[in-house]
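Source file run_28.cif; content: mmCIF, C-alpha atoms.
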data_data
#
loop_
_atom_site.group_PDB
_atom_site.id
_atom_site.type_symbol
_atom_site.label_atom_id
_atom_site.label_comp_id
_atom_site.auth_asym_id
_atom_site.auth_seq_id
_atom_site.Cartn_x
_atom_site.Cartn_y
_atom_site.Cartn_z
ATOM 1 C CA ALA A 11 6.841 -31.373 -24.372
ATOM 2 C CA VAL A 12 3.897 -29.551 -22.792
ATOM 3 C CA LYS A 13 6.091 -28.174 -19.986
ATOM 4 C CA HIS A 14 8.661 -26.913 -22.541
ATOM 5 C CA HIS A 15 5.883 -25.232 -24.556
ATOM 6 C CA GLU A 16 4.520 -23.521 -21.387
ATOM 7 C CA ASP A 17 7.987 -22.283 -20.409
ATOM 8 C CA GLY A 18 8.434 -20.879 -23.895
ATOM 9 C CA ASN A 19 5.116 -19.046 -23.642
ATOM 10 C CA ASN A 20 6.042 -17.613 -20.219
ATOM 11 C CA ARG A 21 9.348 -16.290 -21.558
ATOM 12 C CA ALA A 22 7.605 -14.809 -24.585
ATOM 13 C CA ASN A 23 5.022 -13.113 -22.371
ATOM 14 C CA ALA A 24 7.720 -11.662 -20.130
ATOM 15 C CA GLU A 25 9.608 -10.292 -23.117
ATOM 16 C CA ALA A 26 6.411 -8.776 -24.502
ATOM 17 C CA ASN A 27 5.535 -7.124 -21.221
ATOM 18 C CA THR A 28 8.963 -5.694 -20.357
ATOM 19 C CA GLN A 29 11.338 -3.987 -22.737
ATOM 20 C CA ALA A 30 14.948 -3.228 -21.892
ATOM 21 C CA LYS A 31 17.000 -0.320 -23.192
ATOM 22 C CA VAL A 32 20.735 0.007 -22.595
ATOM 23 C CA THR A 33 22.023 3.567 -22.236
ATOM 24 C CA ARG A 34 25.483 4.771 -23.290
ATOM 25 C CA ASN A 35 26.925 4.208 -19.828
ATOM 26 C CA GLY A 36 25.651 0.638 -19.735
ATOM 27 C CA THR A 37 22.626 1.291 -17.499
ATOM 28 C CA ILE A 38 19.689 -0.996 -18.284
ATOM 29 C CA ILE A 39 16.304 0.719 -18.209
ATOM 30 C CA ILE A 40 13.267 -1.533 -17.985
ATOM 31 C CA HIS A 41 9.997 -0.317 -19.496
ATOM 32 C CA VAL A 42 6.853 -2.115 -18.363
ATOM 33 C CA ASN A 43 3.687 -2.881 -20.289
ATOM 34 C CA ARG A 44 1.133 -0.397 -18.955
ATOM 35 C CA ASN A 45 -1.848 -2.470 -20.063
ATOM 36 C CA GLN A 46 -0.654 -5.456 -18.068
ATOM 37 C CA VAL A 47 0.192 -3.237 -15.094
ATOM 38 C CA LYS A 48 -3.364 -1.879 -15.149
ATOM 39 C CA LYS A 49 -4.785 -5.414 -15.056
ATOM 40 C CA VAL A 50 -2.510 -6.402 -12.180
ATOM 41 C CA ALA A 51 -3.549 -3.271 -10.264
ATOM 42 C CA GLU A 52 -7.239 -4.032 -10.819
ATOM 43 C CA SER A 53 -6.735 -7.622 -9.655
ATOM 44 C CA LEU A 54 -4.955 -6.491 -6.475
ATOM 45 C CA LEU A 55 -7.744 -4.043 -5.669
ATOM 46 C CA GLN A 56 -10.440 -6.631 -6.318
ATOM 47 C CA TYR A 57 -8.762 -9.624 -4.683
ATOM 48 C CA PRO A 58 -6.291 -8.277 -2.116
ATOM 49 C CA ALA A 59 -4.554 -10.704 0.231
ATOM 50 C CA VAL A 60 -4.316 -7.699 2.572
ATOM 51 C CA SER A 61 -6.785 -4.840 2.163
ATOM 52 C CA VAL A 62 -5.656 -1.331 1.260
ATOM 53 C CA GLU A 63 -7.078 -0.165 4.604
ATOM 54 C CA LEU A 64 -5.025 -2.627 6.624
ATOM 55 C CA ALA A 65 -1.897 -2.072 4.517
ATOM 56 C CA THR A 66 -2.256 1.688 5.042
ATOM 57 C CA LYS A 67 -2.415 1.107 8.786
ATOM 58 C CA LEU A 68 0.717 -1.041 8.630
ATOM 59 C CA ALA A 69 2.517 1.551 6.504
ATOM 60 C CA LYS A 70 1.806 4.301 9.029
ATOM 61 C CA GLN A 71 3.530 2.238 11.731
ATOM 62 C CA TYR A 72 6.555 1.391 9.617
ATOM 63 C CA TYR A 73 8.873 4.316 10.296
ATOM 64 C CA GLY A 74 8.195 4.323 14.039
ATOM 65 C CA ARG A 75 9.181 0.685 14.508
ATOM 66 C CA TYR A 76 12.767 1.714 15.301
ATOM 67 C CA ALA A 77 12.310 5.195 16.724
ATOM 68 C CA GLN A 78 15.360 6.132 18.836
ATOM 69 C CA ARG A 79 16.866 2.739 17.924
ATOM 70 C CA ARG A 80 18.368 3.390 14.509
ATOM 71 C CA GLY A 81 21.340 1.132 15.163
ATOM 72 C CA SER A 82 18.855 -1.681 15.660
ATOM 73 C CA MET A 83 17.178 -0.638 12.413
ATOM 74 C CA VAL A 84 20.417 -1.206 10.496
ATOM 75 C CA VAL A 85 20.938 -4.576 12.209
ATOM 76 C CA ASP A 86 17.411 -5.599 11.221
ATOM 77 C CA VAL A 87 17.914 -4.597 7.591
ATOM 78 C CA VAL A 88 21.249 -6.341 7.029
ATOM 79 C CA SER A 89 20.287 -9.524 8.868
ATOM 80 C CA SER A 90 16.907 -9.829 7.122
ATOM 81 C CA ALA A 91 18.427 -11.139 3.882
ATOM 82 C CA TRP A 92 17.483 -14.789 3.295
ATOM 83 C CA ARG A 93 16.594 -15.329 6.930
ATOM 84 C CA ASN A 94 13.312 -15.996 8.736
ATOM 85 C CA TYR A 95 12.156 -12.586 9.921
ATOM 86 C CA ASP A 96 10.908 -13.936 13.253
ATOM 87 C CA ARG A 97 14.505 -14.775 14.047
ATOM 88 C CA VAL A 98 15.589 -11.236 13.133
ATOM 89 C CA GLU A 99 13.013 -9.649 15.429
ATOM 90 C CA ASN A 100 13.149 -12.105 18.305
ATOM 91 C CA GLN A 101 16.823 -13.077 18.437
ATOM 92 C CA ILE A 102 19.199 -10.968 16.370
ATOM 93 C CA VAL A 103 17.961 -7.442 17.161
ATOM 94 C CA PRO A 104 17.539 -8.191 20.917
ATOM 95 C CA ALA A 105 21.085 -9.658 20.986
ATOM 96 C CA PHE A 106 22.457 -6.436 19.513
ATOM 97 C CA GLU A 107 20.533 -4.290 21.990
ATOM 98 C CA LYS A 108 21.906 -6.317 24.899
ATOM 99 C CA SER A 109 25.463 -5.847 23.636
ATOM 100 C CA VAL A 110 25.417 -2.018 23.532
ATOM 101 C CA ARG A 111 24.458 0.704 25.960
ATOM 102 C CA THR A 112 22.369 2.613 23.418
ATOM 103 C CA PRO A 113 21.147 0.998 20.180
ATOM 104 C CA ASP A 114 21.934 4.052 18.048
ATOM 105 C CA LEU A 115 24.011 4.545 14.902
ATOM 106 C CA LYS A 116 27.121 5.685 16.747
ATOM 107 C CA SER A 117 27.172 2.617 19.010
ATOM 108 C CA LEU A 118 26.832 0.258 16.056
ATOM 109 C CA ALA A 119 29.497 2.068 14.031
ATOM 110 C CA LYS A 120 32.053 2.106 16.871
ATOM 111 C CA GLU A 121 31.482 -1.170 18.722
ATOM 112 C CA ILE A 122 31.614 -4.623 17.139
ATOM 113 C CA PRO A 123 28.242 -6.065 18.177
ATOM 114 C CA ASN A 124 28.089 -9.436 19.872
ATOM 115 C CA ILE A 125 25.367 -11.138 17.845
ATOM 116 C CA PRO A 126 25.459 -14.955 17.613
ATOM 117 C CA GLY A 127 24.504 -16.662 14.373
ATOM 118 C CA LEU A 128 25.367 -13.975 11.836
ATOM 119 C CA ARG A 129 26.895 -14.895 8.494
ATOM 120 C CA GLY A 130 30.314 -13.848 7.310
ATOM 121 C CA GLY A 131 30.468 -10.179 6.430
ATOM 122 C CA GLU A 132 27.165 -9.206 8.045
ATOM 123 C CA VAL A 133 28.690 -7.501 11.084
ATOM 124 C CA ALA A 134 31.049 -5.538 8.824
ATOM 125 C CA ALA A 135 28.109 -4.507 6.634
ATOM 126 C CA MET A 136 26.096 -3.366 9.652
ATOM 127 C CA GLN A 137 28.944 -1.247 10.955
ATOM 128 C CA ALA A 138 29.751 0.161 7.518
ATOM 129 C CA ALA A 139 26.125 1.142 6.902
ATOM 130 C CA ALA A 140 25.841 2.857 10.295
ATOM 131 C CA ALA A 141 29.134 4.659 9.712
ATOM 132 C CA GLY A 142 27.954 5.624 6.236
ATOM 133 C CA LEU A 143 24.805 7.244 7.591
ATOM 134 C CA LEU A 144 26.856 9.227 10.097
ATOM 135 C CA ARG A 145 29.283 10.264 7.344
ATOM 136 C CA PHE A 146 26.326 11.351 5.215
ATOM 137 C CA ALA A 147 25.156 13.613 8.038
ATOM 138 C CA LYS A 148 28.621 15.119 8.460
ATOM 139 C CA GLU A 149 29.190 15.737 4.755
ATOM 140 C CA LYS A 150 25.703 16.468 3.423
ATOM 141 C CA ARG A 151 23.409 17.391 6.327
ATOM 142 C CA PRO A 152 25.516 18.760 9.230
ATOM 143 C CA ALA A 153 22.388 20.232 10.840
ATOM 144 C CA THR A 154 21.213 16.653 11.546
ATOM 145 C CA LEU A 155 24.333 15.578 13.455
ATOM 146 C CA ASN A 156 23.633 13.943 16.843
ATOM 147 C CA ASN A 157 20.008 13.274 15.861
ATOM 148 C CA ASP A 158 19.584 9.811 14.368
ATOM 149 C CA GLU A 159 15.933 10.401 13.508
ATOM 150 C CA LYS A 160 16.781 13.400 11.345
ATOM 151 C CA ILE A 161 19.821 11.680 9.855
ATOM 152 C CA VAL A 162 17.954 8.624 8.581
ATOM 153 C CA LYS A 163 15.043 10.661 7.243
ATOM 154 C CA ALA A 164 17.380 13.010 5.406
ATOM 155 C CA TRP A 165 19.343 10.093 3.957
ATOM 156 C CA ALA A 166 16.181 8.267 2.848
ATOM 157 C CA LYS A 167 15.160 11.324 0.837
ATOM 158 C CA TYR A 168 18.680 11.911 -0.518
ATOM 159 C CA ALA A 169 18.945 8.273 -1.667
ATOM 160 C CA GLU A 170 15.734 8.299 -3.753
ATOM 161 C CA PRO A 171 17.477 9.008 -7.120
ATOM 162 C CA PHE A 172 19.890 6.122 -6.499
ATOM 163 C CA ARG A 173 17.253 3.426 -6.044
ATOM 164 C CA PHE A 174 17.877 1.878 -9.500
ATOM 165 C CA GLU A 175 21.664 2.209 -9.285
ATOM 166 C CA THR A 176 22.248 1.648 -5.596
ATOM 167 C CA LYS A 177 25.978 0.992 -5.817
ATOM 168 C CA SER A 178 26.396 4.585 -7.022
ATOM 169 C CA GLU A 179 25.125 5.868 -3.656
ATOM 170 C CA PRO A 180 28.352 6.359 -1.666
ATOM 171 C CA TYR A 181 27.133 6.147 1.928
ATOM 172 C CA VAL A 182 25.073 2.939 2.172
ATOM 173 C CA GLY A 183 24.544 1.659 -1.346
ATOM 174 C CA ALA A 184 28.248 1.027 -1.810
ATOM 175 C CA VAL A 185 28.385 -1.233 1.261
ATOM 176 C CA LYS A 186 29.013 -4.879 0.440
ATOM 177 C CA LYS A 187 25.982 -7.120 1.082
ATOM 178 C CA ILE A 188 23.512 -4.236 0.641
ATOM 179 C CA GLY A 189 21.845 -4.683 -2.731
ATOM 180 C CA PRO A 190 18.778 -2.944 -4.204
ATOM 181 C CA ALA A 191 16.253 -4.803 -2.019
ATOM 182 C CA LEU A 192 18.000 -4.071 1.300
ATOM 183 C CA PHE A 193 18.715 -0.514 0.143
ATOM 184 C CA ALA A 194 14.982 -0.041 -0.388
ATOM 185 C CA TYR A 195 14.158 -1.736 2.923
ATOM 186 C CA LEU A 196 16.490 0.600 4.828
ATOM 187 C CA ARG A 197 14.909 3.606 3.128
ATOM 188 C CA MET A 198 11.446 2.340 4.056
ATOM 189 C CA ARG A 199 12.416 1.937 7.711
ATOM 190 C CA ALA A 200 13.990 5.407 7.550
ATOM 191 C CA GLY A 201 10.766 7.067 6.410
ATOM 192 C CA ALA A 202 10.835 6.890 2.611
ATOM 193 C CA ASP A 203 8.017 5.789 0.351
ATOM 194 C CA ALA A 204 9.583 2.737 -1.256
ATOM 195 C CA ILE A 205 9.021 -0.938 -1.900
ATOM 196 C CA LYS A 206 11.346 -3.835 -1.103
ATOM 197 C CA ALA A 207 11.134 -5.799 -4.327
ATOM 198 C CA ASP A 208 12.260 -9.210 -3.121
ATOM 199 C CA VAL A 209 11.183 -12.662 -4.280
ATOM 200 C CA TRP A 210 8.106 -12.610 -2.028
ATOM 201 C CA VAL A 211 6.821 -9.378 -3.564
ATOM 202 C CA ALA A 212 7.513 -10.686 -7.066
ATOM 203 C CA ARG A 213 5.665 -13.919 -6.278
ATOM 204 C CA VAL A 214 2.439 -12.171 -5.236
ATOM 205 C CA LEU A 215 2.611 -9.838 -8.247
ATOM 206 C CA GLU A 216 2.919 -12.908 -10.481
ATOM 207 C CA GLU A 217 -0.136 -14.429 -8.789
ATOM 208 C CA HIS A 218 -2.055 -11.379 -9.982
ATOM 209 C CA GLY A 219 -0.826 -11.614 -13.578
ATOM 210 C CA ALA A 220 2.586 -9.930 -13.645
ATOM 211 C CA THR A 221 5.350 -11.446 -15.759
ATOM 212 C CA PHE A 222 9.056 -10.796 -15.369
ATOM 213 C CA LYS A 223 12.099 -11.645 -17.420
ATOM 214 C CA LYS A 224 13.809 -12.412 -14.125
ATOM 215 C CA ALA A 225 11.720 -12.342 -10.952
ATOM 216 C CA THR A 226 14.878 -12.246 -8.829
ATOM 217 C CA ASP A 227 15.998 -8.980 -10.474
ATOM 218 C CA ALA A 228 15.148 -6.429 -7.775
ATOM 219 C CA ILE A 229 15.429 -3.483 -10.172
ATOM 220 C CA GLU A 230 13.011 -4.971 -12.709
ATOM 221 C CA VAL A 231 10.532 -5.893 -9.983
ATOM 222 C CA THR A 232 10.892 -2.450 -8.350
ATOM 223 C CA ARG A 233 10.064 -0.609 -11.578
ATOM 224 C CA TYR A 234 7.084 -2.877 -12.150
ATOM 225 C CA ALA A 235 5.827 -2.583 -8.572
ATOM 226 C CA GLU A 236 6.124 1.215 -8.617
ATOM 227 C CA ALA A 237 4.047 1.300 -11.809
ATOM 228 C CA VAL A 238 1.421 -0.934 -10.143
ATOM 229 C CA ALA A 239 1.269 1.342 -7.091
ATOM 230 C CA ASP A 240 0.704 4.353 -9.363
ATOM 231 C CA ALA A 241 -2.046 2.521 -11.230
ATOM 232 C CA MET A 242 -3.719 1.563 -7.937
ATOM 233 C CA GLY A 243 -3.476 5.081 -6.533
ATOM 234 C CA VAL A 244 -1.631 3.917 -3.400
ATOM 235 C CA SER A 245 1.827 4.646 -2.023
ATOM 236 C CA ARG A 246 4.697 2.276 -2.716
ATOM 237 C CA LEU A 247 4.909 1.415 0.967
ATOM 238 C CA VAL A 248 1.212 0.544 1.118
ATOM 239 C CA LEU A 249 1.622 -1.762 -1.874
ATOM 240 C CA ASP A 250 4.678 -3.316 -0.224
ATOM 241 C CA GLN A 251 2.612 -4.148 2.842
ATOM 242 C CA MET A 252 -0.209 -5.547 0.709
ATOM 243 C CA LEU A 253 2.211 -7.846 -1.085
ATOM 244 C CA TRP A 254 4.653 -8.819 1.667
ATOM 245 C CA ARG A 255 2.021 -9.236 4.364
ATOM 246 C CA GLY A 256 -0.136 -10.998 1.813
ATOM 247 C CA GLU A 257 2.597 -13.562 1.229
ATOM 248 C CA TRP A 258 3.018 -14.161 4.948
ATOM 249 C CA LYS A 259 -0.736 -14.064 5.647
ATOM 250 C CA ILE A 260 -0.735 -11.629 8.572
ATOM 251 C CA THR A 261 -3.231 -12.382 11.324
ATOM 252 C CA GLN A 262 -5.111 -9.943 13.513
ATOM 253 C CA HIS A 263 -3.111 -11.211 16.500
ATOM 254 C CA ALA A 264 0.135 -10.356 14.693
ATOM 255 C CA LEU A 265 -1.215 -6.895 13.869
ATOM 256 C CA ASP A 266 -2.224 -6.322 17.510
ATOM 257 C CA GLU A 267 1.262 -7.327 18.666
ATOM 258 C CA LEU A 268 2.809 -4.988 16.111
ATOM 259 C CA GLU A 269 0.698 -2.087 17.387
ATOM 260 C CA LYS A 270 1.788 -2.845 20.972
ATOM 261 C CA THR A 271 5.435 -2.703 19.872
ATOM 262 C CA VAL A 272 4.954 0.629 18.109
ATOM 263 C CA ARG A 273 3.172 2.120 21.143
ATOM 264 C CA LYS A 274 5.965 0.855 23.405
ATOM 265 C CA ASN A 275 8.637 2.386 21.165
ATOM 266 C CA SER A 276 6.754 5.690 21.050
ATOM 267 C CA ALA A 277 6.504 5.730 24.852
ATOM 268 C CA CYS A 278 10.251 5.040 25.193
ATOM 269 C CA SER A 279 10.995 7.810 22.732
ATOM 270 C CA THR A 280 8.868 10.298 24.672
ATOM 271 C CA SER A 281 10.494 9.224 27.941
ATOM 272 C CA GLN A 282 13.989 9.707 26.554
ATOM 273 C CA LYS A 283 13.166 13.151 25.177
ATOM 274 C CA SER A 284 11.828 14.271 28.550
ATOM 275 C CA ARG A 285 15.006 13.319 30.409
#
Is it possible to express this structure as structure tokens?
Amino acid sequence: AVKHHEDGNNRANAEANTQAKVTRNGTIIIHVNRNQVKKVAESLLQYPAVSVELATKLAKQYYGRYAQRRGSMVVDVVSSAWRNYDRVENQIVPAFEKSVRTPDLKSLAKEIPNIPGLRGGEVAAMQAAAAGLLRFAKEKRPATLNNDEKIVKAWAKYAEPFRFETKSEPYVGAVKKIGPALFAYLRMRAGADAIKADVWVARVLEEHGATFKKATDAIEVTRYAEAVADAMGVSRLVLDQMLWRGEWKITQHALDELEKTVRKNSACSTSQKSR
């Protein structure tokens, strides 16, 4: 009886703190309770699992993680869904890079990658997303053709208005297996200020007082998280790193290894440009 009463209170709180409005075309717009958002923001600033300073440092490294390896970036994004991320970084991405001459968008779009352990439809999604980015460049930003770095940055900016209706974005959002969370993750890796509102992010927000009607609804959590970032005075990507890294309890050793990877990628990029 007590458990049922608590569940009822939680549902009531969620309904009080988020209001939904359905537009004429069926789009659901979630409005968040600004007073609660303010309290969550204050709690995150006072009791951060990862400090704003450290999260800012992580955010600055984010785009460069896949410099000159944007095919690998797409592989990372698609394969990260419901999979241990260590496996993505240490097994799946390296397997792709061994199977192609150059880990760029064109290679991924044209060659079926030999990556053991992928689920059904993931290879097709990877290739479709890479092809979609190249098609975007051809149709919308022809000046970026043959430059993956410019292509992904241009797409990340172009895709901003679609972040709450990702299936309406024709180049990547429409790809099967790429939902709102992976759409946001790809934009983040491509240089956008965004937040990947997955279950881990929702969980840490709830620990700081947030309530959701449905914590697995990436759109609801995204709107809430963006409001929290605004209230904190930090970028969405910084908040993402505070929440995601907070859930996984990043260590200084892990941060040092991440910095080594970024420096290595930057060195490879400089070497390739000088050839």
message: Quick one: residues within 12 Å of Trp92 (chain A), all atoms listed in the file, excluding same-chain residues fewer than 3 positions away - as JSON, numbers by chain?
response: {"A": [87, 88, 89, 95, 96, 97, 98, 128, 129, 187, 191, 192, 208, 209, 210]}
task: Pull out every residue that the PyMOL selection byres ((chain A and resi 133) around 10) matches in the shown coordinates and put them as a list of chain:residue names.
output: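 Taken over the shown coordinates, the PyMOL selection byres ((chain A and resi 133) around 10) returns A:Val85, A:Val88, A:Ser89, A:Leu118, A:Ile122, A:Pro123, A:Asn124, A:Ile125, A:Leu128, A:Arg129, A:Gly130, A:Gly131, A:Glu132, A:Ala134, A:Ala135, A:Met136, A:Gln137, A:Ala138, A:Ala139.
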- request: Within 8 Å of Lys163 (chain A), counting only C-alpha atoms, which residues show up once you throw out same-chain ones fewer than 2 positions away? Write them as a list of chain:residue names, please.
  value: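 My list of contacting residues is A:Glu159, A:Lys160, A:Ile161, A:Trp165, A:Ala166, A:Lys167, A:Ala200, A:Gly201, A:Ala202.
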message: Between A:Ala169, A:Val211, A:Leu155, A:Ile205, which residue has the minimum interatomic distance to Thr226 (chain A), considering only C-alpha atoms?
response: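 Smallest separation from Thr226 (chain A) among the options: A:Val211.
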message: What does the structure give for the distance between CA of Tyr181 (chain A) and CA of Met198 (chain A), in Å to one decimal?
response: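 That distance, rounded to one decimal, is 16.3 Å.
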- request: Evaluate the PyMOL selection byres ((chain A and resi 182) around 8) on the structure here and hand back the selected residues as a list in words.
  value: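 That expression, the PyMOL selection byres ((chain A and resi 182) around 8), corresponds here to Ala138, Ala139, Gly142, Leu143, Glu179, Pro180, Tyr181, Gly183, Ala184, Val185, Ile188 and Phe193 of chain A.
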Please identify all polymer residues within 12 Å of Ile229 (chain A), counting only C-alpha atoms, omitting same-chain residues fewer than 3 positions from it, and present them as an mmCIF file with C-alpha atoms, in the coordinates of the input.
data_model
loop_
_atom_site.group_PDB
_atom_site.id
_atom_site.type_symbol
_atom_site.label_atom_id
_atom_site.label_comp_id
_atom_site.auth_asym_id
_atom_site.auth_seq_id
_atom_site.Cartn_x
_atom_site.Cartn_y
_atom_site.Cartn_z
ATOM 1 C CA ALA A 30 14.948 -3.228 -21.892
ATOM 2 C CA THR A 37 22.626 1.291 -17.499
ATOM 3 C CA ILE A 38 19.689 -0.996 -18.284
ATOM 4 C CA ILE A 39 16.304 0.719 -18.209
ATOM 5 C CA ILE A 40 13.267 -1.533 -17.985
ATOM 6 C CA HIS A 41 9.997 -0.317 -19.496
ATOM 7 C CA VAL A 42 6.853 -2.115 -18.363
ATOM 8 C CA PHE A 172 19.890 6.122 -6.499
ATOM 9 C CA ARG A 173 17.253 3.426 -6.044
ATOM 10 C CA PHE A 174 17.877 1.878 -9.500
ATOM 11 C CA GLU A 175 21.664 2.209 -9.285
ATOM 12 C CA THR A 176 22.248 1.648 -5.596
ATOM 13 C CA GLY A 189 21.845 -4.683 -2.731
ATOM 14 C CA PRO A 190 18.778 -2.944 -4.204
ATOM 15 C CA ALA A 191 16.253 -4.803 -2.019
ATOM 16 C CA LEU A 192 18.000 -4.071 1.300
ATOM 17 C CA PHE A 193 18.715 -0.514 0.143
ATOM 18 C CA ALA A 194 14.982 -0.041 -0.388
ATOM 19 C CA ILE A 205 9.021 -0.938 -1.900
ATOM 20 C CA LYS A 206 11.346 -3.835 -1.103
ATOM 21 C CA ALA A 207 11.134 -5.799 -4.327
ATOM 22 C CA ASP A 208 12.260 -9.210 -3.121
ATOM 23 C CA VAL A 209 11.183 -12.662 -4.280
ATOM 24 C CA ALA A 212 7.513 -10.686 -7.066
ATOM 25 C CA PHE A 222 9.056 -10.796 -15.369
ATOM 26 C CA LYS A 223 12.099 -11.645 -17.420
ATOM 27 C CA LYS A 224 13.809 -12.412 -14.125
ATOM 28 C CA ALA A 225 11.720 -12.342 -10.952
ATOM 29 C CA THR A 226 14.878 -12.246 -8.829
ATOM 30 C CA THR A 232 10.892 -2.450 -8.350
ATOM 31 C CA ARG A 233 10.064 -0.609 -11.578
ATOM 32 C CA TYR A 234 7.084 -2.877 -12.150
ATOM 33 C CA ALA A 235 5.827 -2.583 -8.572
ATOM 34 C CA GLU A 236 6.124 1.215 -8.617
#
query: Which one of A:Lys120, A:Arg145, A:Lys67, A:Lys177 sits closest to Val162 (chain A) if you count all atoms listed in the file?
result: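 Between A:Lys120, A:Arg145, A:Lys67, A:Lys177, the residue approaching Val162 (chain A) most closely is A:Arg145.
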